[in-house]
$ cat protein_27.pdb   # PDB, C-alpha atoms
MODEL        1
ATOM      1  CA  MET W  38      -6.129   4.778  57.954  1.00  0.00           C
ATOM      2  CA  PRO W  39      -2.488   5.548  58.933  1.00  0.00           C
ATOM      3  CA  LEU W  40      -0.631   8.385  57.286  1.00  0.00           C
ATOM      4  CA  LEU W  41       1.898   7.249  54.694  1.00  0.00           C
ATOM      5  CA  THR W  42       4.366  10.047  55.362  1.00  0.00           C
ATOM      6  CA  PRO W  43       3.986  11.110  59.023  1.00  0.00           C
ATOM      7  CA  ASP W  44       7.562  12.371  59.235  1.00  0.00           C
ATOM      8  CA  ILE W  45       7.376  15.006  56.486  1.00  0.00           C
ATOM      9  CA  PRO W  46       8.132  18.386  58.110  1.00  0.00           C
ATOM     10  CA  PHE W  47       5.748  21.290  57.886  1.00  0.00           C
ATOM     11  CA  GLY W  48       6.494  24.410  55.866  1.00  0.00           C
ATOM     12  CA  GLN W  49       8.924  24.434  52.979  1.00  0.00           C
ATOM     13  CA  PRO W  50      11.543  21.704  53.541  1.00  0.00           C
ATOM     14  CA  ALA W  51      12.887  22.288  50.028  1.00  0.00           C
ATOM     15  CA  PHE W  52      13.952  25.758  51.168  1.00  0.00           C
ATOM     16  CA  SER W  53      15.954  24.413  54.123  1.00  0.00           C
ATOM     17  CA  LEU W  54      19.599  23.357  54.277  1.00  0.00           C
ATOM     18  CA  SER W  55      21.286  21.013  56.719  1.00  0.00           C
ATOM     19  CA  SER W  56      24.542  21.970  58.412  1.00  0.00           C
ATOM     20  CA  ASP W  57      26.374  19.528  56.128  1.00  0.00           C
ATOM     21  CA  GLN W  58      24.836  21.139  53.044  1.00  0.00           C
ATOM     22  CA  ILE W  59      25.808  24.625  54.237  1.00  0.00           C
ATOM     23  CA  ALA W  60      29.360  23.393  54.825  1.00  0.00           C
ATOM     24  CA  THR W  61      29.390  21.871  51.335  1.00  0.00           C
ATOM     25  CA  VAL W  62      28.360  25.165  49.727  1.00  0.00           C
ATOM     26  CA  ILE W  63      31.071  27.054  51.610  1.00  0.00           C
ATOM     27  CA  ASP W  64      33.720  24.459  50.796  1.00  0.00           C
ATOM     28  CA  LEU W  65      32.901  24.372  47.076  1.00  0.00           C
ATOM     29  CA  VAL W  66      32.791  28.166  46.808  1.00  0.00           C
ATOM     30  CA  CYS W  67      36.105  28.628  48.614  1.00  0.00           C
ATOM     31  CA  ARG W  68      37.884  25.862  46.714  1.00  0.00           C
ATOM     32  CA  GLY W  69      36.529  27.102  43.404  1.00  0.00           C
ATOM     33  CA  ALA W  70      37.530  30.707  44.089  1.00  0.00           C
ATOM     34  CA  GLN W  71      41.046  29.650  45.108  1.00  0.00           C
ATOM     35  CA  GLU W  72      41.452  27.585  41.929  1.00  0.00           C
ATOM     36  CA  ALA W  73      40.089  30.421  39.801  1.00  0.00           C
ATOM     37  CA  GLN W  74      42.339  33.118  41.258  1.00  0.00           C
ATOM     38  CA  GLU W  75      45.288  32.359  38.981  1.00  0.00           C
ATOM     39  CA  ASP W  76      43.089  33.081  35.951  1.00  0.00           C
ATOM     40  CA  ILE W  77      41.859  36.457  37.233  1.00  0.00           C
ATOM     41  CA  THR W  78      43.517  39.458  35.634  1.00  0.00           C
ATOM     42  CA  SER W  79      43.828  43.048  36.803  1.00  0.00           C
ATOM     43  CA  GLY W  80      40.698  45.065  36.084  1.00  0.00           C
ATOM     44  CA  MET W  81      38.556  42.012  35.307  1.00  0.00           C
ATOM     45  CA  LEU W  82      34.884  42.803  35.829  1.00  0.00           C
ATOM     46  CA  GLU W  83      32.430  40.882  37.962  1.00  0.00           C
ATOM     47  CA  VAL W  84      30.708  38.854  35.234  1.00  0.00           C
ATOM     48  CA  PRO W  85      33.819  37.259  33.685  1.00  0.00           C
ATOM     49  CA  THR W  86      35.269  36.705  37.165  1.00  0.00           C
ATOM     50  CA  THR W  87      32.141  34.842  38.201  1.00  0.00           C
ATOM     51  CA  MET W  88      32.154  32.752  35.034  1.00  0.00           C
ATOM     52  CA  ILE W  89      35.698  31.607  35.830  1.00  0.00           C
ATOM     53  CA  VAL W  90      34.804  30.915  39.468  1.00  0.00           C
ATOM     54  CA  ARG W  91      31.650  29.008  38.511  1.00  0.00           C
ATOM     55  CA  LYS W  92      33.559  26.747  36.121  1.00  0.00           C
ATOM     56  CA  ALA W  93      36.175  26.123  38.798  1.00  0.00           C
ATOM     57  CA  ILE W  94      33.462  25.185  41.317  1.00  0.00           C
ATOM     58  CA  ARG W  95      32.096  22.655  38.845  1.00  0.00           C
ATOM     59  CA  ARG W  96      35.558  21.150  38.396  1.00  0.00           C
ATOM     60  CA  VAL W  97      35.988  20.891  42.161  1.00  0.00           C
ATOM     61  CA  LYS W  98      32.577  19.250  42.504  1.00  0.00           C
ATOM     62  CA  LYS W  99      33.523  16.703  39.853  1.00  0.00           C
ATOM     63  CA  SER W 100      36.894  16.000  41.473  1.00  0.00           C
ATOM     64  CA  LEU W 101      35.142  15.322  44.793  1.00  0.00           C
ATOM     65  CA  SER W 102      32.639  12.985  43.070  1.00  0.00           C
ATOM     66  CA  LEU W 103      29.676  14.872  44.504  1.00  0.00           C
ATOM     67  CA  THR W 104      26.556  13.556  42.817  1.00  0.00           C
ATOM     68  CA  ASN W 105      23.914  14.917  45.185  1.00  0.00           C
ATOM     69  CA  LEU W 106      23.844  18.461  43.802  1.00  0.00           C
ATOM     70  CA  GLU W 107      24.045  20.529  40.642  1.00  0.00           C
ATOM     71  CA  ILE W 108      25.991  23.733  40.020  1.00  0.00           C
ATOM     72  CA  ARG W 109      24.073  26.013  37.708  1.00  0.00           C
ATOM     73  CA  GLY W 110      25.025  29.023  35.680  1.00  0.00           C
ATOM     74  CA  GLU W 111      23.414  32.436  35.874  1.00  0.00           C
ATOM     75  CA  HIS W 112      19.888  31.686  37.074  1.00  0.00           C
ATOM     76  CA  GLU W 113      17.045  33.770  35.652  1.00  0.00           C
ATOM     77  CA  LEU W 114      14.095  34.527  37.911  1.00  0.00           C
ATOM     78  CA  GLU W 115      10.761  34.845  36.144  1.00  0.00           C
ATOM     79  CA  ASP W 116       7.651  36.593  37.405  1.00  0.00           C
ATOM     80  CA  MET W 117       5.205  33.680  37.511  1.00  0.00           C
ATOM     81  CA  ALA W 118       2.321  36.017  38.367  1.00  0.00           C
ATOM     82  CA  THR W 119       2.347  37.523  34.872  1.00  0.00           C
ATOM     83  CA  THR W 120       2.206  36.171  31.338  1.00  0.00           C
ATOM     84  CA  ASP W 121       4.828  38.525  29.938  1.00  0.00           C
ATOM     85  CA  ALA W 122       8.504  37.749  29.338  1.00  0.00           C
ATOM     86  CA  SER W 123       9.871  39.914  32.140  1.00  0.00           C
ATOM     87  CA  ILE W 124      12.890  38.738  34.123  1.00  0.00           C
ATOM     88  CA  LEU W 125      13.025  39.650  37.812  1.00  0.00           C
ATOM     89  CA  GLY W 126      16.763  39.177  38.069  1.00  0.00           C
ATOM     90  CA  ARG W 127      19.721  36.894  37.466  1.00  0.00           C
ATOM     91  CA  ILE W 128      21.488  35.166  40.345  1.00  0.00           C
ATOM     92  CA  ASP W 129      25.193  34.663  39.684  1.00  0.00           C
ATOM     93  CA  ILE W 130      25.542  31.072  40.923  1.00  0.00           C
ATOM     94  CA  THR W 131      22.909  28.611  42.091  1.00  0.00           C
ATOM     95  CA  LEU W 132      23.189  25.122  43.517  1.00  0.00           C
ATOM     96  CA  LYS W 133      20.466  22.503  43.806  1.00  0.00           C
ATOM     97  CA  PHE W 134      20.570  19.625  46.259  1.00  0.00           C
ATOM     98  CA  LEU W 135      18.575  16.446  45.660  1.00  0.00           C
ATOM     99  CA  HIS W 136      15.811  17.458  48.067  1.00  0.00           C
ATOM    100  CA  GLN W 137      15.239  20.616  46.006  1.00  0.00           C
ATOM    101  CA  PHE W 138      14.773  18.917  42.634  1.00  0.00           C
ATOM    102  CA  GLY W 139      11.304  19.335  41.174  1.00  0.00           C
ATOM    103  CA  ASN W 140      10.698  22.714  42.832  1.00  0.00           C
ATOM    104  CA  GLU W 141      11.788  25.572  40.612  1.00  0.00           C
ATOM    105  CA  ASP W 142      11.609  28.003  43.533  1.00  0.00           C
ATOM    106  CA  ALA W 143      14.046  25.931  45.610  1.00  0.00           C
ATOM    107  CA  TYR W 144      17.750  26.557  45.075  1.00  0.00           C
ATOM    108  CA  VAL W 145      20.810  27.855  46.889  1.00  0.00           C
ATOM    109  CA  ALA W 146      21.546  31.420  45.790  1.00  0.00           C
ATOM    110  CA  VAL W 147      25.113  32.742  45.694  1.00  0.00           C
ATOM    111  CA  GLU W 148      25.371  36.397  44.669  1.00  0.00           C
ATOM    112  CA  CYS W 149      28.887  37.598  43.805  1.00  0.00           C
ATOM    113  CA  LYS W 150      30.305  41.105  44.186  1.00  0.00           C
ATOM    114  CA  ARG W 151      33.738  42.719  43.978  1.00  0.00           C
ATOM    115  CA  VAL W 152      34.834  44.522  47.127  1.00  0.00           C
ATOM    116  CA  GLY W 153      38.036  45.923  48.559  1.00  0.00           C
ATOM    117  CA  ALA W 154      39.641  48.106  51.196  1.00  0.00           C
ATOM    118  CA  GLY W 155      39.148  51.725  50.157  1.00  0.00           C
ATOM    119  CA  LEU W 156      36.877  50.784  47.228  1.00  0.00           C
ATOM    120  CA  SER W 157      33.806  52.567  48.560  1.00  0.00           C
ATOM    121  CA  ALA W 158      31.644  52.276  45.437  1.00  0.00           C
ATOM    122  CA  LEU W 159      32.122  48.510  45.226  1.00  0.00           C
ATOM    123  CA  ASN W 160      31.589  47.996  48.948  1.00  0.00           C
ATOM    124  CA  SER W 161      28.386  50.014  48.808  1.00  0.00           C
ATOM    125  CA  SER W 162      27.200  48.020  45.772  1.00  0.00           C
ATOM    126  CA  TYR W 163      27.755  44.781  47.690  1.00  0.00           C
ATOM    127  CA  VAL W 164      24.849  45.883  49.884  1.00  0.00           C
ATOM    128  CA  SER W 165      22.638  47.939  47.572  1.00  0.00           C
ATOM    129  CA  ASN W 166      22.928  45.658  44.519  1.00  0.00           C
ATOM    130  CA  GLY W 167      23.627  42.385  46.289  1.00  0.00           C
ATOM    131  CA  VAL W 168      22.292  41.919  49.800  1.00  0.00           C
ATOM    132  CA  ASP W 169      19.265  44.094  49.068  1.00  0.00           C
ATOM    133  CA  ARG W 170      18.025  41.588  46.489  1.00  0.00           C
ATOM    134  CA  PHE W 171      17.643  39.045  49.268  1.00  0.00           C
ATOM    135  CA  VAL W 172      15.919  41.565  51.550  1.00  0.00           C
ATOM    136  CA  THR W 173      13.306  42.443  48.947  1.00  0.00           C
ATOM    137  CA  GLY W 174      12.706  38.773  48.163  1.00  0.00           C
ATOM    138  CA  GLN W 175      13.849  39.270  44.579  1.00  0.00           C
ATOM    139  CA  TYR W 176      16.287  36.453  45.348  1.00  0.00           C
ATOM    140  CA  ALA W 177      15.624  33.440  47.607  1.00  0.00           C
ATOM    141  CA  ALA W 178      12.103  34.457  48.622  1.00  0.00           C
ATOM    142  CA  GLY W 179      11.091  32.413  51.649  1.00  0.00           C
ATOM    143  CA  HIS W 180      14.405  30.581  51.805  1.00  0.00           C
ATOM    144  CA  GLU W 181      16.168  29.710  55.026  1.00  0.00           C
ATOM    145  CA  TRP W 182      19.642  30.659  53.754  1.00  0.00           C
ATOM    146  CA  GLY W 183      21.291  32.949  51.234  1.00  0.00           C
ATOM    147  CA  PHE W 184      24.955  33.397  50.342  1.00  0.00           C
ATOM    148  CA  MET W 185      27.046  36.407  49.340  1.00  0.00           C
ATOM    149  CA  LEU W 186      30.499  35.889  47.816  1.00  0.00           C
ATOM    150  CA  GLY W 187      32.837  38.861  48.046  1.00  0.00           C
ATOM    151  CA  TYR W 188      35.815  38.985  45.679  1.00  0.00           C
ATOM    152  CA  VAL W 189      38.343  40.974  47.714  1.00  0.00           C
ATOM    153  CA  LEU W 190      40.440  43.061  45.319  1.00  0.00           C
ATOM    154  CA  ALA W 191      42.327  45.057  47.960  1.00  0.00           C
ATOM    155  CA  LEU W 192      43.340  44.023  51.478  1.00  0.00           C
ATOM    156  CA  PRO W 193      42.979  44.068  54.439  1.00  0.00           C
ATOM    157  CA  VAL W 194      39.718  42.154  54.592  1.00  0.00           C
ATOM    158  CA  GLU W 195      39.003  43.556  58.072  1.00  0.00           C
ATOM    159  CA  SER W 196      38.512  46.991  56.529  1.00  0.00           C
ATOM    160  CA  VAL W 197      36.122  45.546  53.947  1.00  0.00           C
ATOM    161  CA  VAL W 198      34.091  43.704  56.570  1.00  0.00           C
ATOM    162  CA  GLN W 199      33.823  46.771  58.797  1.00  0.00           C
ATOM    163  CA  THR W 200      32.636  48.969  55.938  1.00  0.00           C
ATOM    164  CA  ILE W 201      30.040  46.464  54.771  1.00  0.00           C
ATOM    165  CA  ASP W 202      28.884  45.819  58.344  1.00  0.00           C
ATOM    166  CA  ASP W 203      28.300  49.563  58.784  1.00  0.00           C
ATOM    167  CA  HIS W 204      26.290  49.680  55.533  1.00  0.00           C
ATOM    168  CA  LEU W 205      24.188  46.680  56.568  1.00  0.00           C
ATOM    169  CA  LYS W 206      23.318  48.036  60.010  1.00  0.00           C
ATOM    170  CA  LYS W 207      22.480  51.444  58.580  1.00  0.00           C
ATOM    171  CA  SER W 208      20.245  49.950  55.878  1.00  0.00           C
ATOM    172  CA  TYR W 209      18.571  47.066  57.718  1.00  0.00           C
ATOM    173  CA  GLY W 210      19.114  47.568  61.432  1.00  0.00           C
ATOM    174  CA  ALA W 211      21.052  45.781  64.161  1.00  0.00           C
ATOM    175  CA  PRO W 212      19.960  42.200  63.265  1.00  0.00           C
ATOM    176  CA  ALA W 213      21.899  42.489  59.983  1.00  0.00           C
ATOM    177  CA  LYS W 214      25.137  42.882  61.924  1.00  0.00           C
ATOM    178  CA  LEU W 215      27.891  40.559  60.689  1.00  0.00           C
ATOM    179  CA  THR W 216      28.957  37.921  63.186  1.00  0.00           C
ATOM    180  CA  PRO W 217      32.318  36.212  62.526  1.00  0.00           C
ATOM    181  CA  GLU W 218      32.225  32.484  61.861  1.00  0.00           C
ATOM    182  CA  THR W 219      35.078  29.990  61.699  1.00  0.00           C
ATOM    183  CA  ALA W 220      36.843  30.795  58.443  1.00  0.00           C
ATOM    184  CA  HIS W 221      37.429  28.207  55.748  1.00  0.00           C
ATOM    185  CA  ALA W 222      41.131  27.547  55.136  1.00  0.00           C
ATOM    186  CA  LEU W 223      40.795  29.088  51.659  1.00  0.00           C
ATOM    187  CA  SER W 224      38.700  32.114  52.679  1.00  0.00           C
ATOM    188  CA  LEU W 225      39.696  35.463  54.104  1.00  0.00           C
ATOM    189  CA  ALA W 226      36.625  35.619  56.321  1.00  0.00           C
ATOM    190  CA  ILE W 227      33.193  34.078  56.771  1.00  0.00           C
ATOM    191  CA  LEU W 228      30.445  35.911  58.600  1.00  0.00           C
ATOM    192  CA  GLU W 229      26.752  35.486  59.257  1.00  0.00           C
ATOM    193  CA  GLY W 230      23.879  37.950  59.516  1.00  0.00           C
ATOM    194  CA  VAL W 231      20.089  37.973  59.683  1.00  0.00           C
ATOM    195  CA  LEU W 232      17.773  39.784  57.308  1.00  0.00           C
ATOM    196  CA  ILE W 233      14.023  40.317  57.304  1.00  0.00           C
ATOM    197  CA  GLN W 234      12.426  39.812  53.918  1.00  0.00           C
ATOM    198  CA  LYS W 235       9.186  41.448  52.886  1.00  0.00           C
ATOM    199  CA  GLY W 236       6.334  39.830  54.773  1.00  0.00           C
ATOM    200  CA  GLY W 237       8.448  39.318  57.883  1.00  0.00           C
ATOM    201  CA  HIS W 238      10.268  36.161  56.767  1.00  0.00           C
ATOM    202  CA  VAL W 239      13.701  35.725  58.371  1.00  0.00           C
ATOM    203  CA  ILE W 240      16.558  34.673  56.083  1.00  0.00           C
ATOM    204  CA  ARG W 241      20.037  33.950  57.395  1.00  0.00           C
ATOM    205  CA  MET W 242      22.961  35.056  55.252  1.00  0.00           C
ATOM    206  CA  LYS W 243      26.471  33.682  54.954  1.00  0.00           C
ATOM    207  CA  HIS W 244      29.014  36.241  53.764  1.00  0.00           C
ATOM    208  CA  ILE W 245      32.092  34.594  52.259  1.00  0.00           C
ATOM    209  CA  PHE W 246      35.114  36.747  51.406  1.00  0.00           C
ATOM    210  CA  VAL W 247      37.850  35.300  49.197  1.00  0.00           C
ATOM    211  CA  ASN W 248      41.165  36.667  47.987  1.00  0.00           C
ATOM    212  CA  MET W 249      40.989  37.910  44.396  1.00  0.00           C
ATOM    213  CA  THR W 250      43.971  40.270  44.531  1.00  0.00           C
ATOM    214  CA  VAL W 251      46.193  40.152  41.480  1.00  0.00           C
ATOM    215  CA  ALA W 252      49.972  40.080  41.827  1.00  0.00           C
ATOM    216  CA  ALA W 253      51.719  43.071  40.267  1.00  0.00           C
TER
ENDMDL
END
$ encode --input "protein_27.pdb" --output "structure tokens"
Amino acid sequence: MPLLTPDIPFGQPAFSLSSDQIATVIDLVCRGAQEAQEDITSGMLEVPTTMIVRKAIRRVKKSLSLTNLEIRGEHELEDMATTDASILGRIDITLKFLHQFGNEDAYVAVECKRVGAGLSALNSSYVSNGVDRFVTGQYAAGHEWGFMLGYVLALPVESVVQTIDDHLKKSYGAPAKLTPETAHALSLAILEGVLIQKGGHVIRMKHIFVNMTVAA
């Protein structure tokens, strides 16, 4: 008897993203951040900033008539191995493409952090409270891709990237090194790195840095 679905790939196809889907995530994030910037005020914290950015991304998605994905709000991760009400964490922004529908573990994770030249505490937190959640598998366990969105509060971005790159290599070794990618027209920089999750799974990370400086 012939197989009905001989072309279904092995593994977890719901965790994979095509090059077009990766480009779509980057484009939506950059467009949304650029649209949101005018509503960001001096001293605004990460949570309200992300709420404004997330709403802007949804508006951009609607304006582009994209019907093959959903933009979700803060996404709670539950520990399915227990019966208690514990929450493992909350991802700032998640997207779901059509091929991921029906699988609660399949999503595109975008974790957002404020960073800036000379802002050592924020730059350190980008790694220890952002990237590290992907390394431990708290976020995007088993996924092919993860995304970090850096709100740059103080320029130049080159200083921010260098500082974060140093933190990444010190914490996770040479493979985590940031490699420059072609920047989106509305980004300050886009870079890629590789991380090893618990269990030896390799996850590739896109690091997107956008301008969130506020005019005096």
$ closest_residue --input "protein_27.pdb" --among "W:Leu232, W:Leu54, W:Val147, W:Leu225" --to "Asn248 of chain W" --atoms "all atoms listed in the file"
W:Leu225
$ atom_distance --input "protein_27.pdb" --atom1 "atom CA of Phe246 of chain W" --atom2 "atom CA of Lys98 of chain W"
19.8 Å
$ atom_distance --input "protein_27.pdb" --atom1 "atom CA of Val172 of chain W" --atom2 "atom CA of Ile240 of chain W"
8.3 Å
$ resolve_selection --input "protein_27.pdb" --expression "the PyMOL selection byres ((chain W and resi 224) around 9)" --output "count of residues only"
15
$ residues_around --input "protein_27.pdb" --residues "Cys149 of chain W" --least-positions-apart "4" --cutoff "10 Å" --atoms "all atoms listed in the file" --output "PDB file with C-alpha atoms, in the frame of the given file"
ATOM      1  CA  GLU W  83      32.430  40.882  37.962  1.00  0.00           C
ATOM      2  CA  VAL W  84      30.708  38.854  35.234  1.00  0.00           C
ATOM      3  CA  THR W  86      35.269  36.705  37.165  1.00  0.00           C
ATOM      4  CA  THR W  87      32.141  34.842  38.201  1.00  0.00           C
ATOM      5  CA  VAL W  90      34.804  30.915  39.468  1.00  0.00           C
ATOM      6  CA  ILE W 128      21.488  35.166  40.345  1.00  0.00           C
ATOM      7  CA  ASP W 129      25.193  34.663  39.684  1.00  0.00           C
ATOM      8  CA  ILE W 130      25.542  31.072  40.923  1.00  0.00           C
ATOM      9  CA  TYR W 163      27.755  44.781  47.690  1.00  0.00           C
ATOM     10  CA  GLY W 167      23.627  42.385  46.289  1.00  0.00           C
ATOM     11  CA  VAL W 168      22.292  41.919  49.800  1.00  0.00           C
ATOM     12  CA  PHE W 184      24.955  33.397  50.342  1.00  0.00           C
ATOM     13  CA  MET W 185      27.046  36.407  49.340  1.00  0.00           C
ATOM     14  CA  LEU W 186      30.499  35.889  47.816  1.00  0.00           C
ATOM     15  CA  GLY W 187      32.837  38.861  48.046  1.00  0.00           C
ATOM     16  CA  TYR W 188      35.815  38.985  45.679  1.00  0.00           C
ATOM     17  CA  ILE W 245      32.092  34.594  52.259  1.00  0.00           C
ATOM     18  CA  PHE W 246      35.114  36.747  51.406  1.00  0.00           C
TER      19      PHE W 246
END
$ atom_distance --input "protein_27.pdb" --atom1 "atom CA of Ile77 of chain W" --atom2 "atom CA of Ala252 of chain W"
10.0 Å
$ resolve_selection --input "protein_27.pdb" --expression "the PyMOL selection byres ((chain W and resi 166) around 12)" --output "JSON list (two decimals) with C-alpha atoms, keeping the file's coordinate frame"
[["chain", "number", "residue", "atom", "x", "y", "z"],
["W", 126, "GLY", "CA", 16.76, 39.18, 38.07],
["W", 127, "ARG", "CA", 19.72, 36.89, 37.47],
["W", 128, "ILE", "CA", 21.49, 35.17, 40.34],
["W", 148, "GLU", "CA", 25.37, 36.40, 44.67],
["W", 149, "CYS", "CA", 28.89, 37.60, 43.80],
["W", 150, "LYS", "CA", 30.30, 41.10, 44.19],
["W", 151, "ARG", "CA", 33.74, 42.72, 43.98],
["W", 158, "ALA", "CA", 31.64, 52.28, 45.44],
["W", 159, "LEU", "CA", 32.12, 48.51, 45.23],
["W", 160, "ASN", "CA", 31.59, 48.00, 48.95],
["W", 161, "SER", "CA", 28.39, 50.01, 48.81],
["W", 162, "SER", "CA", 27.20, 48.02, 45.77],
["W", 163, "TYR", "CA", 27.76, 44.78, 47.69],
["W", 164, "VAL", "CA", 24.85, 45.88, 49.88],
["W", 165, "SER", "CA", 22.64, 47.94, 47.57],
["W", 167, "GLY", "CA", 23.63, 42.38, 46.29],
["W", 168, "VAL", "CA", 22.29, 41.92, 49.80],
["W", 169, "ASP", "CA", 19.26, 44.09, 49.07],
["W", 170, "ARG", "CA", 18.02, 41.59, 46.49],
["W", 171, "PHE", "CA", 17.64, 39.04, 49.27],
["W", 172, "VAL", "CA", 15.92, 41.56, 51.55],
["W", 173, "THR", "CA", 13.31, 42.44, 48.95],
["W", 175, "GLN", "CA", 13.85, 39.27, 44.58],
["W", 176, "TYR", "CA", 16.29, 36.45, 45.35],
["W", 185, "MET", "CA", 27.05, 36.41, 49.34]]
